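Shown here: input_29.cif, mmCIF, C-alpha atoms.
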```cif
data_upload
loop_
_atom_site.label_atom_id
_atom_site.label_comp_id
_atom_site.auth_asym_id
_atom_site.auth_seq_id
_atom_site.Cartn_x
_atom_site.Cartn_y
_atom_site.Cartn_z
CA MET A 214 8.50 29.54 -31.27
CA ILE A 215 5.73 32.12 -31.54
CA ARG A 216 2.46 30.72 -30.16
CA ASP A 217 -0.83 31.29 -31.94
CA LEU A 218 -3.06 32.90 -29.31
CA SER A 219 -5.98 33.68 -31.57
CA ILE A 220 -9.31 32.31 -30.38
CA ALA A 221 -10.17 29.11 -32.22
CA GLU A 222 -13.24 28.06 -30.25
CA VAL A 223 -15.65 29.44 -27.67
CA ARG A 224 -17.73 27.10 -25.50
CA LEU A 225 -20.77 28.36 -23.62
CA THR A 226 -22.30 26.12 -20.96
CA PRO A 227 -25.42 27.37 -19.15
CA ILE A 228 -25.97 25.66 -15.81
CA LEU A 229 -28.37 25.66 -12.87
CA VAL A 230 -26.78 25.76 -9.43
CA ALA A 231 -28.47 25.06 -6.12
CA ASP A 232 -29.34 28.20 -4.15
CA PRO A 233 -30.63 28.31 -0.55
CA PRO A 234 -33.98 29.95 0.39
CA LEU A 235 -32.50 33.39 1.11
CA LEU A 236 -34.89 36.32 1.54
CA ASN A 237 -34.62 39.85 0.17
CA THR A 238 -36.99 42.74 -0.35
CA GLN A 239 -38.27 41.34 -3.66
CA GLY A 240 -38.96 37.80 -2.48
CA ILE A 241 -36.85 34.67 -2.04
CA HIS A 242 -34.10 32.98 -4.02
CA GLN A 243 -35.31 30.19 -6.27
CA PRO A 244 -34.12 26.61 -5.61
CA TYR A 245 -31.72 26.94 -8.55
CA THR A 246 -30.03 29.94 -10.11
CA PRO A 247 -28.69 30.21 -13.70
CA ARG A 248 -25.03 30.87 -14.44
CA LEU A 249 -23.07 30.81 -17.68
CA ILE A 250 -19.62 29.22 -17.89
CA VAL A 251 -17.49 30.66 -20.70
CA GLU A 252 -14.47 28.87 -22.18
CA VAL A 253 -12.18 30.37 -24.83
CA VAL A 254 -9.77 28.01 -26.55
CA THR A 255 -6.78 29.43 -28.43
CA ALA A 256 -5.31 27.98 -31.59
CA ASP A 257 -2.45 26.46 -29.59
CA GLY A 258 -4.93 24.63 -27.31
CA THR A 259 -4.87 26.89 -24.24
CA THR A 260 -8.27 27.15 -22.53
CA GLY A 261 -9.42 30.03 -20.32
CA VAL A 262 -12.58 30.10 -18.21
CA GLY A 263 -14.99 32.82 -17.14
CA GLU A 264 -18.39 33.08 -15.51
CA THR A 265 -21.38 35.43 -15.62
CA TYR A 266 -25.16 35.50 -15.38
CA GLY A 267 -27.00 32.72 -17.21
CA ASP A 268 -30.52 34.12 -17.64
CA ALA A 269 -32.01 33.95 -21.16
CA LYS A 270 -31.36 37.60 -21.99
CA TYR A 271 -27.64 37.13 -21.32
CA LEU A 272 -27.50 33.93 -23.38
CA GLU A 273 -29.20 35.66 -26.29
CA LEU A 274 -26.30 38.13 -26.43
CA ALA A 275 -23.52 35.74 -25.43
CA ARG A 276 -24.13 33.29 -28.28
CA PRO A 277 -23.73 35.70 -31.23
CA PHE A 278 -20.92 37.45 -29.39
CA ALA A 279 -19.08 34.13 -29.03
CA ASP A 280 -19.38 33.53 -32.77
CA ARG A 281 -17.69 36.87 -33.48
CA LEU A 282 -14.73 36.00 -31.26
CA VAL A 283 -13.36 33.20 -33.43
CA GLY A 284 -10.07 34.46 -34.86
CA HIS A 285 -9.87 37.32 -32.34
CA PRO A 286 -6.52 37.63 -30.49
CA VAL A 287 -7.01 36.52 -26.90
CA SER A 288 -4.85 39.47 -25.81
CA ASP A 289 -7.09 42.08 -27.51
CA LEU A 290 -9.25 42.81 -24.49
CA ASN A 291 -10.19 46.31 -25.64
CA GLY A 292 -11.61 44.81 -28.81
CA LEU A 293 -14.14 42.78 -26.82
CA PHE A 294 -16.23 45.87 -26.18
CA GLU A 295 -16.23 46.89 -29.85
CA LEU A 296 -17.36 43.41 -30.86
CA ALA A 297 -20.11 43.44 -28.23
CA ASP A 298 -21.42 46.76 -29.56
CA ARG A 299 -21.99 45.08 -32.94
CA VAL A 300 -24.38 42.53 -31.45
CA THR A 301 -27.99 43.66 -31.48
CA VAL A 302 -29.80 43.67 -28.16
CA ASP A 303 -33.59 43.46 -28.02
CA ALA A 304 -34.08 46.61 -25.95
CA SER A 305 -37.69 45.65 -25.17
CA ARG A 306 -36.35 42.68 -23.20
CA VAL A 307 -34.33 44.78 -20.77
CA THR A 308 -34.92 48.54 -20.82
CA GLY A 309 -36.92 49.72 -17.84
CA GLN A 310 -36.94 46.33 -16.16
CA VAL A 311 -35.48 45.72 -12.72
CA ASP A 312 -32.49 43.40 -12.64
CA VAL A 313 -33.61 40.90 -10.02
CA GLY A 314 -30.40 38.89 -9.89
CA GLY A 315 -28.24 41.77 -8.78
CA LEU A 316 -30.90 44.02 -7.23
CA ARG A 317 -29.08 46.86 -8.93
CA GLY A 318 -31.96 48.96 -10.17
CA VAL A 319 -33.08 49.38 -13.75
CA GLN A 320 -31.54 47.21 -16.47
CA THR A 321 -30.38 48.64 -19.81
CA ALA A 322 -28.96 47.20 -23.02
CA GLU A 323 -25.55 48.65 -22.14
CA LYS A 324 -25.53 47.03 -18.70
CA LEU A 325 -26.47 43.73 -20.33
CA ARG A 326 -23.54 43.98 -22.76
CA LEU A 327 -21.09 44.76 -19.96
CA SER A 328 -22.27 41.78 -17.91
CA VAL A 329 -21.76 39.47 -20.88
CA VAL A 330 -18.36 40.93 -21.80
CA SER A 331 -17.19 40.45 -18.21
CA GLY A 332 -17.31 36.66 -18.48
CA PHE A 333 -15.41 36.66 -21.76
CA GLU A 334 -12.78 39.13 -20.52
CA VAL A 335 -12.03 36.92 -17.51
CA ALA A 336 -11.80 33.86 -19.76
CA CYS A 337 -9.38 35.67 -22.08
CA LEU A 338 -7.23 36.82 -19.15
CA ASP A 339 -7.19 33.26 -17.79
CA ALA A 340 -6.09 31.88 -21.17
CA LEU A 341 -3.48 34.60 -21.67
CA GLY A 342 -2.07 34.04 -18.20
CA LYS A 343 -1.80 30.31 -18.77
CA ALA A 344 -0.10 30.85 -22.14
CA LEU A 345 2.43 33.28 -20.65
CA GLY A 346 2.89 31.46 -17.35
CA LEU A 347 1.62 34.47 -15.40
CA PRO A 348 -1.18 34.87 -12.84
CA VAL A 349 -4.05 37.17 -13.78
CA HIS A 350 -3.01 39.70 -11.14
CA ALA A 351 0.34 40.08 -12.95
CA LEU A 352 -1.52 40.84 -16.19
CA LEU A 353 -3.39 43.55 -14.27
CA GLY A 354 -0.20 45.23 -13.09
CA GLY A 355 0.69 43.16 -10.06
CA LYS A 356 -0.78 42.48 -6.65
CA VAL A 357 -0.41 44.89 -3.73
CA ARG A 358 -1.66 42.32 -1.20
CA SER A 359 -1.33 38.54 -0.95
CA GLU A 360 -4.70 37.97 0.74
CA VAL A 361 -8.11 39.52 0.11
CA GLU A 362 -10.52 39.92 3.02
CA TYR A 363 -14.21 39.05 2.60
CA SER A 364 -17.25 39.77 4.75
CA ALA A 365 -19.83 37.24 5.96
CA TYR A 366 -23.03 37.80 3.95
CA LEU A 367 -25.96 37.24 6.31
CA PHE A 368 -29.51 36.66 5.08
CA TYR A 369 -32.90 36.21 6.59
CA LYS A 370 -33.61 32.66 5.55
CA TRP A 371 -36.26 29.97 5.56
CA ALA A 372 -35.32 26.46 6.68
CA GLU A 373 -36.21 25.09 3.23
CA HIS A 374 -37.66 26.13 -0.09
CA PRO A 375 -41.45 26.28 -0.46
CA ASN A 376 -43.08 22.91 -1.13
CA GLY A 377 -39.84 21.12 -0.28
CA ASN A 378 -38.24 22.04 -3.62
CA GLY A 379 -34.49 22.31 -4.18
CA GLU A 380 -31.52 20.92 -2.31
CA LYS A 381 -31.32 20.65 1.46
CA ASP A 382 -28.81 22.68 3.46
CA ASP A 383 -27.59 22.64 7.05
CA TRP A 384 -27.99 26.34 7.80
CA GLY A 385 -31.53 26.24 9.17
CA ALA A 386 -33.90 29.19 9.41
CA ALA A 387 -32.92 32.75 10.42
CA LEU A 388 -35.98 34.96 10.88
CA ASP A 389 -35.21 37.01 13.96
CA PRO A 390 -32.19 38.59 15.70
CA ALA A 391 -31.28 35.36 17.48
CA GLY A 392 -31.33 33.46 14.20
CA ILE A 393 -29.13 36.05 12.51
CA VAL A 394 -26.60 35.94 15.36
CA GLU A 395 -26.50 32.14 15.18
CA GLN A 396 -25.95 32.33 11.43
CA ALA A 397 -23.10 34.79 11.98
CA ARG A 398 -21.51 32.44 14.52
CA THR A 399 -21.58 29.65 11.97
CA PHE A 400 -19.92 31.90 9.40
CA LYS A 401 -17.23 32.89 11.88
CA ASP A 402 -16.61 29.31 13.04
CA ARG A 403 -16.44 27.85 9.53
CA TYR A 404 -14.63 30.62 7.67
CA GLY A 405 -13.19 33.02 10.23
CA PHE A 406 -15.04 36.11 8.99
CA THR A 407 -14.56 39.20 11.13
CA SER A 408 -17.10 41.53 9.48
CA PHE A 409 -20.79 40.96 8.77
CA LYS A 410 -23.29 42.28 6.27
CA LEU A 411 -27.05 41.73 6.67
CA LYS A 412 -29.35 41.70 3.66
CA GLY A 413 -32.25 43.84 4.87
CA GLY A 414 -35.44 45.21 3.41
CA VAL A 415 -37.22 42.00 4.43
CA PHE A 416 -38.82 42.93 7.76
CA PRO A 417 -39.92 46.28 9.22
CA PRO A 418 -36.88 48.45 9.97
CA ASP A 419 -37.20 48.16 13.75
CA GLU A 420 -36.73 44.39 13.47
CA GLU A 421 -33.62 44.81 11.35
CA ILE A 422 -32.25 47.45 13.73
CA ALA A 423 -32.68 44.88 16.50
CA ALA A 424 -30.76 42.30 14.45
CA ILE A 425 -27.82 44.67 13.92
CA ARG A 426 -27.86 45.54 17.62
CA ALA A 427 -27.79 41.84 18.47
CA LEU A 428 -24.81 41.34 16.15
CA ALA A 429 -23.00 44.29 17.75
CA ALA A 430 -23.52 42.77 21.19
CA ALA A 431 -22.41 39.30 20.08
CA PHE A 432 -19.39 40.47 18.06
CA PRO A 433 -18.12 43.71 19.64
CA GLY A 434 -15.74 45.67 17.44
CA HIS A 435 -16.61 43.73 14.27
CA PRO A 436 -17.56 45.94 11.27
CA LEU A 437 -21.29 45.68 10.51
CA ARG A 438 -23.25 46.61 7.38
CA LEU A 439 -26.94 46.69 6.49
CA ASP A 440 -28.33 46.59 2.94
CA PRO A 441 -32.10 46.95 2.37
CA ASN A 442 -31.73 47.37 -1.42
CA GLY A 443 -33.46 50.75 -1.57
CA ALA A 444 -36.52 49.57 0.34
CA TRP A 445 -36.77 52.61 2.64
CA SER A 446 -37.89 56.19 2.31
CA VAL A 447 -35.47 59.01 3.06
CA GLU A 448 -37.00 59.55 6.49
CA THR A 449 -36.86 55.84 7.37
CA SER A 450 -33.25 55.72 6.17
CA LEU A 451 -32.38 58.63 8.43
CA LYS A 452 -34.13 56.99 11.39
CA VAL A 453 -32.18 53.74 10.93
CA ALA A 454 -28.91 55.61 10.42
CA GLU A 455 -29.43 57.58 13.62
CA GLU A 456 -30.25 54.48 15.67
CA LEU A 457 -27.28 52.50 14.34
CA ARG A 458 -24.71 55.26 13.81
CA ASP A 459 -22.45 53.95 16.57
CA VAL A 460 -22.17 50.40 15.15
CA LEU A 461 -22.44 50.60 11.33
CA GLU A 462 -19.38 50.56 9.10
CA TYR A 463 -21.72 51.77 6.36
CA LEU A 464 -25.37 51.68 5.31
CA GLU A 465 -25.81 50.28 1.81
CA ASP A 466 -28.48 51.60 -0.58
CA PRO A 467 -31.03 52.49 2.10
CA ALA A 468 -33.08 54.60 -0.34
CA LEU A 469 -33.57 54.13 -4.06
CA GLY A 470 -31.78 56.39 -6.53
CA THR A 471 -29.02 58.99 -6.38
CA PRO A 472 -31.18 62.01 -5.38
CA ALA A 473 -32.63 60.12 -2.40
CA MET A 474 -29.21 58.82 -1.41
CA ALA A 475 -27.80 62.36 -1.63
CA GLU A 476 -30.51 63.64 0.70
CA VAL A 477 -29.81 60.90 3.23
CA ALA A 478 -26.05 61.47 3.00
CA ALA A 479 -26.48 65.21 3.60
CA ARG A 480 -28.41 64.58 6.80
CA THR A 481 -26.43 61.78 8.44
CA GLY A 482 -22.83 61.07 9.32
CA VAL A 483 -23.16 57.36 8.56
CA PRO A 484 -21.27 56.50 5.35
CA LEU A 485 -23.50 55.30 2.50
CA ALA A 486 -22.41 52.56 0.11
CA THR A 487 -23.98 51.54 -3.19
CA ASN A 488 -24.14 48.88 -5.84
CA MET A 489 -27.44 50.21 -7.20
CA CYS A 490 -27.09 53.90 -8.10
CA VAL A 491 -23.48 53.68 -9.39
CA THR A 492 -23.21 50.71 -11.72
CA THR A 493 -21.86 52.42 -14.86
CA PHE A 494 -19.31 55.16 -15.47
CA ALA A 495 -22.07 57.48 -16.67
CA GLU A 496 -23.62 57.36 -13.19
CA VAL A 497 -20.44 58.39 -11.38
CA GLN A 498 -20.63 62.15 -11.92
CA GLU A 499 -24.02 62.75 -10.32
CA ALA A 500 -23.35 60.46 -7.37
CA PHE A 501 -19.93 61.89 -6.56
CA THR A 502 -20.68 65.59 -7.13
CA THR A 503 -23.80 65.40 -4.94
CA GLY A 504 -22.02 63.43 -2.21
CA ALA A 505 -24.61 60.67 -2.49
CA VAL A 506 -22.20 57.82 -1.74
CA GLN A 507 -19.03 57.37 0.26
CA VAL A 508 -18.27 53.78 -0.80
CA VAL A 509 -18.84 52.22 -4.23
CA LEU A 510 -19.20 48.45 -4.31
CA SER A 511 -17.81 47.35 -7.63
CA ASP A 512 -18.84 44.11 -9.32
CA HIS A 513 -16.79 43.02 -12.32
CA HIS A 514 -19.90 41.39 -13.81
CA TYR A 515 -21.63 44.79 -13.86
CA TRP A 516 -18.72 46.89 -15.00
CA GLY A 517 -17.47 44.80 -17.90
CA GLY A 518 -14.60 42.93 -16.29
CA LEU A 519 -11.50 43.26 -14.16
CA ARG A 520 -9.79 46.14 -15.95
CA ASN A 521 -12.90 48.32 -15.73
CA THR A 522 -13.00 47.51 -12.03
CA GLN A 523 -9.50 48.95 -11.75
CA ARG A 524 -10.59 52.05 -13.69
CA LEU A 525 -13.51 52.55 -11.32
CA ALA A 526 -11.23 52.18 -8.30
CA ALA A 527 -8.91 54.87 -9.70
CA ILE A 528 -11.84 57.27 -10.19
CA CYS A 529 -12.99 56.60 -6.64
CA ARG A 530 -9.52 57.42 -5.31
CA THR A 531 -9.56 60.69 -7.27
CA PHE A 532 -12.79 61.76 -5.59
CA GLY A 533 -11.91 60.42 -2.16
CA VAL A 534 -14.64 57.79 -2.34
CA GLY A 535 -14.03 54.36 -0.84
CA VAL A 536 -14.26 51.20 -2.90
CA SER A 537 -15.01 47.56 -2.21
CA MET A 538 -16.84 44.74 -4.01
CA HIS A 539 -20.44 43.68 -4.38
CA SER A 540 -21.35 40.03 -4.80
CA ASN A 541 -24.02 38.16 -6.68
CA THR A 542 -24.79 34.44 -6.50
CA HIS A 543 -21.49 33.34 -7.99
CA LEU A 544 -19.26 30.28 -8.20
CA GLY A 545 -15.54 29.76 -7.69
CA ILE A 546 -14.48 31.14 -11.08
CA SER A 547 -15.92 34.53 -10.18
CA LEU A 548 -14.49 34.36 -6.65
CA ALA A 549 -11.04 33.73 -8.15
CA ALA A 550 -11.50 36.67 -10.55
CA MET A 551 -12.68 38.94 -7.73
CA THR A 552 -9.69 37.96 -5.62
CA HIS A 553 -7.19 38.64 -8.41
CA VAL A 554 -8.50 42.11 -9.21
CA ALA A 555 -9.01 43.02 -5.53
CA SER A 556 -5.38 42.14 -4.89
CA THR A 557 -4.33 44.88 -7.36
CA VAL A 558 -6.47 47.72 -5.98
CA PRO A 559 -4.67 50.13 -3.62
CA GLY A 560 -6.62 51.43 -0.65
CA LEU A 561 -9.11 48.59 -0.43
CA HIS A 562 -10.13 49.36 3.15
CA HIS A 563 -13.42 47.46 3.28
CA ALA A 564 -13.79 43.67 3.19
CA CYS A 565 -15.39 42.46 -0.06
CA ASP A 566 -18.80 40.81 -0.22
CA SER A 567 -19.18 37.18 -1.32
CA HIS A 568 -22.16 34.84 -1.63
CA TYR A 569 -19.78 31.94 -2.20
CA PRO A 570 -20.12 30.26 1.22
CA TRP A 571 -23.83 29.85 0.46
CA GLN A 572 -23.14 27.89 -2.73
CA SER A 573 -22.96 24.14 -2.07
CA GLU A 574 -22.17 23.35 -5.72
CA ASP A 575 -19.36 24.40 -8.04
CA VAL A 576 -17.75 23.52 -11.37
CA LEU A 577 -14.16 23.46 -10.11
CA THR A 578 -11.96 20.52 -9.16
CA GLU A 579 -11.04 22.35 -5.94
CA ARG A 580 -13.13 24.99 -4.17
CA PRO A 581 -11.44 28.25 -3.13
CA THR A 582 -11.17 28.44 0.65
CA PHE A 583 -11.53 31.16 3.27
CA THR A 584 -9.02 31.29 6.13
CA ASP A 585 -9.62 33.93 8.81
CA GLY A 586 -12.14 35.44 6.42
CA LYS A 587 -9.55 35.83 3.65
CA VAL A 588 -8.73 34.18 0.32
CA THR A 589 -5.08 33.78 -0.61
CA VAL A 590 -4.22 35.26 -4.01
CA SER A 591 -3.09 32.53 -6.38
CA ASP A 592 0.26 32.88 -8.14
CA ALA A 593 -0.48 30.00 -10.52
CA PRO A 594 -0.83 30.86 -14.22
CA GLY A 595 -4.17 32.41 -15.11
CA LEU A 596 -6.88 32.37 -12.45
CA GLY A 597 -5.39 29.29 -10.81
CA VAL A 598 -8.59 27.22 -11.11
CA GLU A 599 -9.50 24.09 -13.08
CA LEU A 600 -12.89 22.97 -14.40
CA ASP A 601 -14.44 19.74 -13.17
CA ARG A 602 -15.84 18.47 -16.47
CA GLU A 603 -18.08 15.88 -14.87
CA ARG A 604 -19.64 18.37 -12.49
CA LEU A 605 -20.04 20.97 -15.24
CA ALA A 606 -21.87 18.40 -17.38
CA ALA A 607 -24.18 17.45 -14.50
CA LEU A 608 -25.18 21.06 -13.80
CA HIS A 609 -25.70 21.62 -17.52
CA ARG A 610 -27.99 18.56 -17.66
CA ARG A 611 -30.03 20.13 -14.87
CA TRP A 612 -30.37 23.23 -17.04
CA LEU A 613 -31.37 21.15 -20.07
CA ASP A 614 -33.94 19.19 -18.05
CA ASP A 615 -35.39 22.22 -16.28
CA ASP A 616 -39.17 22.36 -16.34
CA GLY A 617 -39.56 24.49 -13.23
CA GLY A 618 -38.93 27.86 -14.82
CA PHE A 619 -35.54 28.34 -13.18
CA ARG A 620 -33.62 29.44 -16.29
CA ASP A 621 -34.50 33.05 -15.43
CA ARG A 622 -34.10 34.23 -11.87
CA ASP A 623 -37.33 35.60 -10.42
CA ASP A 624 -37.43 36.08 -6.64
CA ALA A 625 -41.05 37.24 -6.66
CA ALA A 626 -42.17 34.14 -8.58
CA ALA A 627 -40.33 31.97 -6.07
CA MET A 628 -42.14 33.72 -3.21
CA ARG A 629 -45.50 33.13 -4.91
CA THR A 630 -45.01 29.38 -4.56
CA ALA A 631 -45.51 29.96 -0.83
CA ASP A 632 -47.79 33.01 -1.00
CA SER A 633 -49.92 33.15 -4.15
CA ASP A 634 -50.85 36.78 -3.41
CA TRP A 635 -47.24 38.01 -3.23
CA VAL A 636 -46.35 40.93 -5.46
CA THR A 637 -43.03 42.75 -5.60
CA PRO A 638 -43.37 45.52 -3.00
CA SER A 639 -43.48 49.06 -4.28
CA THR A 640 -40.62 51.38 -3.35
CA PRO A 641 -40.21 52.66 -0.73
CA ARG A 642 -41.52 49.65 1.14
CA TRP A 643 -41.16 51.41 4.49
#
```
Here is a file; write its structure as structure tokens.
Amino acid sequence: MIRDLSIAEVRLTPILVADPPLLNTQGIHQPYTPRLIVEVVTADGTTGVGETYGDAKYLELARPFADRLVGHPVSDLNGLFELADRVTVDASRVTGQVDVGGLRGVQTAEKLRLSVVSGFEVACLDALGKALGLPVHALLGGKVRSEVEYSAYLFYKWAEHPNGNGEKDDWGAALDPAGIVEQARTFKDRYGFTSFKLKGGVFPPDEEIAAIRALAAAFPGHPLRLDPNGAWSVETSLKVAEELRDVLEYLEDPALGTPAMAEVAARTGVPLATNMCVTTFAEVQEAFTTGAVQVVLSDHHYWGGLRNTQRLAAICRTFGVGVSMHSNTHLGISLAAMTHVASTVPGLHHACDSHYPWQSEDVLTERPTFTDGKVTVSDAPGLGVELDRERLAALHRRWLDDDGGFRDRDDAAAMRTADSDWVTPSTPRW
């Protein structure tokens, strides 16, 4: 019997998920962060799930895009991009604005479309895999590894959100080198991580150098990374690179923009990684021909899905540029998708980033787990995850009831609840 795998229904469920008080150069995470859960249901009743950003500008595109998908073959993944191009984007809402959620530089209408398509592509792959009895990695050409390694994502952190808002956590504060080392120990004890990345750009560079040095002393031989999200000048970037050149695996986006990164790269031997100056295919040429980056951190939400992530990895191999994965504040659906596509990428020599251990809430019946810092690649049909309908409904009710302004992520606004004079620092900050 031939199954009807055309899309009969698309369900979009915006949610608010608890987020700890993690600091970055722009401010602090809000008590809750928006995500969008995408479900595509085929005519034969197969349901696939995906996940992406849930801010208002993404919802405004996702809703008309979902309407256009009814009747579309779930296997026609190329057609998703053509359909997305037909949906009008209010350019005034995005062009020239900084994307706070990903700290990936300037937002554009095209980047917005790709981020929306990514959630739908994953949902279609999940549905197709379930219908065919194949895991997503098989639909992507097959896995080359059975486990995917992830890195502990360390943050400077307050003990609680300003004014006691949000959910409580058991991580405590981390505002100095000792606090960062203690946080890293907790990550290692709970999840077995063997590499560590520190989100920098929060304190003066000398303080963050001291934190990396403390990590190197506490965890000798463990790969270390530092990411200030473009907060430093070229000269400051060079100073930090020189002082940490013997312990850093790579320095991520120390300066803002490809020309600044190229200047830093030309004057230091420390590899530079990015998820800010290479986030579309159009940005590849300048970055690679100028030698601005040595590692690109892909993010399937940015690039339009899992297959574009594979395309990017192939381009990186052609130019001799390393590849790994960036992480945003994601749930288990995205972690499963990241794990499937990472399992298919040859030459993945750097552990992938993941915020997931920070997320105390999820919409799945069973959370993905880290063992020795790795996630096992599922061989179950589709992504190998199942929605918890009750939990999904509860997080959606939080979104519906929101009166705290959390439907759009704004780290600077969150910081102003503690410091009314806070403004997003100009770049370079140091």
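One distance worth recording is that between atom CA of A:Gln396 and atom CA of A:Gln507, which is 28.3 Å.
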### Task
Can you work out the spacing between atom CA of A:Leu561 and atom CA of A:Arg524 in Å, to one decimal?
13.8 Å
### Task
Enumerate, as an NGL selection string, the residues matched when the PyMOL selection byres ((chain A and resi 264) around 10) is run on the file above.
:A and (225-227 or 248-252 or 262-263 or 265-267 or 328-329 or 331-336 or 514 or 543-548 or 550)
Write out as a PDB file with C-alpha atoms, in the coordinates of the input which residues come within 10 Å of stretch 582-584 of chain A when counting all atoms listed in the file, dropping same-chain ones fewer than 6 positions away.
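Saved file part-v1.pdb follows:
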```pdb
ATOM      1  CA  GLU A 360      -4.700  37.970   0.740  1.00  0.00           C
ATOM      2  CA  VAL A 361      -8.110  39.520   0.110  1.00  0.00           C
ATOM      3  CA  GLU A 362     -10.520  39.920   3.020  1.00  0.00           C
ATOM      4  CA  TYR A 363     -14.210  39.050   2.600  1.00  0.00           C
ATOM      5  CA  ARG A 403     -16.440  27.850   9.530  1.00  0.00           C
ATOM      6  CA  TYR A 404     -14.630  30.620   7.670  1.00  0.00           C
ATOM      7  CA  GLY A 405     -13.190  33.020  10.230  1.00  0.00           C
ATOM      8  CA  PHE A 406     -15.040  36.110   8.990  1.00  0.00           C
ATOM      9  CA  GLY A 545     -15.540  29.760  -7.690  1.00  0.00           C
ATOM     10  CA  LEU A 548     -14.490  34.360  -6.650  1.00  0.00           C
ATOM     11  CA  TYR A 569     -19.780  31.940  -2.200  1.00  0.00           C
ATOM     12  CA  PRO A 570     -20.120  30.260   1.220  1.00  0.00           C
TER      13      PRO A 570
END
```
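Of the residues listed (A:Leu347, A:Leu274, A:Ala397, A:Ile241), A:Leu274 shows the shortest atom-to-atom separation from A:Lys324; distances use only C-alpha atoms.
Atom to atom, atom CA of A:Val330 and atom CA of A:Gly517 stand 5.6 Å apart.
Distance cut-off 10 Å, centre (-29.3, 47.2, -1.9), atoms counted only C-alpha atoms; the residues meeting this are Asn237, Thr238, Gly315, Leu316, Arg317, Gly318, Lys412, Gly413, Gly414, Leu439, Asp440, Pro441, Asn442, Gly443, Ala444, Leu464, Glu465, Asp466, Pro467, Ala468, Leu469, Ala486, Thr487, Asn488, Met489, Cys490 and His539 of chain A.
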Contact residues around stretch 530-532 of chain A with only C-alpha atoms at 12 Å, ignoring same-chain residues under 5 positions, as a short mmCIF file (atom, residue, chain, number, x, y, z; two decimals) with C-alpha atoms, in the coordinates of the input:
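Okay, result39.cif is ready:
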```
data_model
loop_
_atom_site.label_atom_id
_atom_site.label_comp_id
_atom_site.auth_asym_id
_atom_site.auth_seq_id
_atom_site.Cartn_x
_atom_site.Cartn_y
_atom_site.Cartn_z
CA VAL A 497 -20.44 58.39 -11.38
CA GLN A 498 -20.63 62.15 -11.92
CA ALA A 500 -23.35 60.46 -7.37
CA PHE A 501 -19.93 61.89 -6.56
CA THR A 502 -20.68 65.59 -7.13
CA THR A 503 -23.80 65.40 -4.94
CA GLY A 504 -22.02 63.43 -2.21
CA VAL A 506 -22.20 57.82 -1.74
CA GLN A 507 -19.03 57.37 0.26
CA VAL A 508 -18.27 53.78 -0.80
CA VAL A 509 -18.84 52.22 -4.23
CA GLN A 523 -9.50 48.95 -11.75
CA ARG A 524 -10.59 52.05 -13.69
CA LEU A 525 -13.51 52.55 -11.32
CA SER A 537 -15.01 47.56 -2.21
CA VAL A 558 -6.47 47.72 -5.98
CA PRO A 559 -4.67 50.13 -3.62
CA GLY A 560 -6.62 51.43 -0.65
CA LEU A 561 -9.11 48.59 -0.43
CA HIS A 562 -10.13 49.36 3.15
#
```
### Task
Go through the shown structure with the PyMOL selection byres ((chain A and resi 398) around 12) and write out the matching residues as an MDAnalysis selection string.
chainID A and resid 365:367 384 391:397 399:409 427:428 431:432
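For A:Gly595, the list of residues within 9 Å, based on only C-alpha atoms and with local chain neighbours fewer than 3 positions off taken out, reads Gly261, Leu338, Asp339, Ala340, Leu341, Gly342, Lys343, Ala344, Leu345, Gly346, Leu347, Pro348, Val349, His350, Leu352, Ser591, Asp592 and Val598 of chain A.
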Residues matched by the PyMOL selection byres ((chain A and resi 607) around 12) as a PDB file with C-alpha atoms, keeping the file's coordinate frame:
```pdb
ATOM      1  CA  THR A 226     -22.300  26.120 -20.960  1.00  0.00           C
ATOM      2  CA  PRO A 227     -25.420  27.370 -19.150  1.00  0.00           C
ATOM      3  CA  ILE A 228     -25.970  25.660 -15.810  1.00  0.00           C
ATOM      4  CA  LEU A 229     -28.370  25.660 -12.870  1.00  0.00           C
ATOM      5  CA  VAL A 230     -26.780  25.760  -9.430  1.00  0.00           C
ATOM      6  CA  GLU A 574     -22.170  23.350  -5.720  1.00  0.00           C
ATOM      7  CA  ASP A 575     -19.360  24.400  -8.040  1.00  0.00           C
ATOM      8  CA  VAL A 576     -17.750  23.520 -11.370  1.00  0.00           C
ATOM      9  CA  ASP A 601     -14.440  19.740 -13.170  1.00  0.00           C
ATOM     10  CA  ARG A 602     -15.840  18.470 -16.470  1.00  0.00           C
ATOM     11  CA  GLU A 603     -18.080  15.880 -14.870  1.00  0.00           C
ATOM     12  CA  ARG A 604     -19.640  18.370 -12.490  1.00  0.00           C
ATOM     13  CA  LEU A 605     -20.040  20.970 -15.240  1.00  0.00           C
ATOM     14  CA  ALA A 606     -21.870  18.400 -17.380  1.00  0.00           C
ATOM     15  CA  LEU A 608     -25.180  21.060 -13.800  1.00  0.00           C
ATOM     16  CA  HIS A 609     -25.700  21.620 -17.520  1.00  0.00           C
ATOM     17  CA  ARG A 610     -27.990  18.560 -17.660  1.00  0.00           C
ATOM     18  CA  ARG A 611     -30.030  20.130 -14.870  1.00  0.00           C
ATOM     19  CA  TRP A 612     -30.370  23.230 -17.040  1.00  0.00           C
ATOM     20  CA  LEU A 613     -31.370  21.150 -20.070  1.00  0.00           C
ATOM     21  CA  ASP A 614     -33.940  19.190 -18.050  1.00  0.00           C
TER      22      ASP A 614
END
```
### Summary
Closest of A:Ala475, A:Ala423, A:Ala322, A:Leu235 to A:Lys270, counting only C-alpha atoms, is A:Ala322
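Residue nearest A:Gln243, chosen from A:Phe619, A:Trp571, A:Tyr369, A:Phe278 and counting only C-alpha atoms: A:Phe619.
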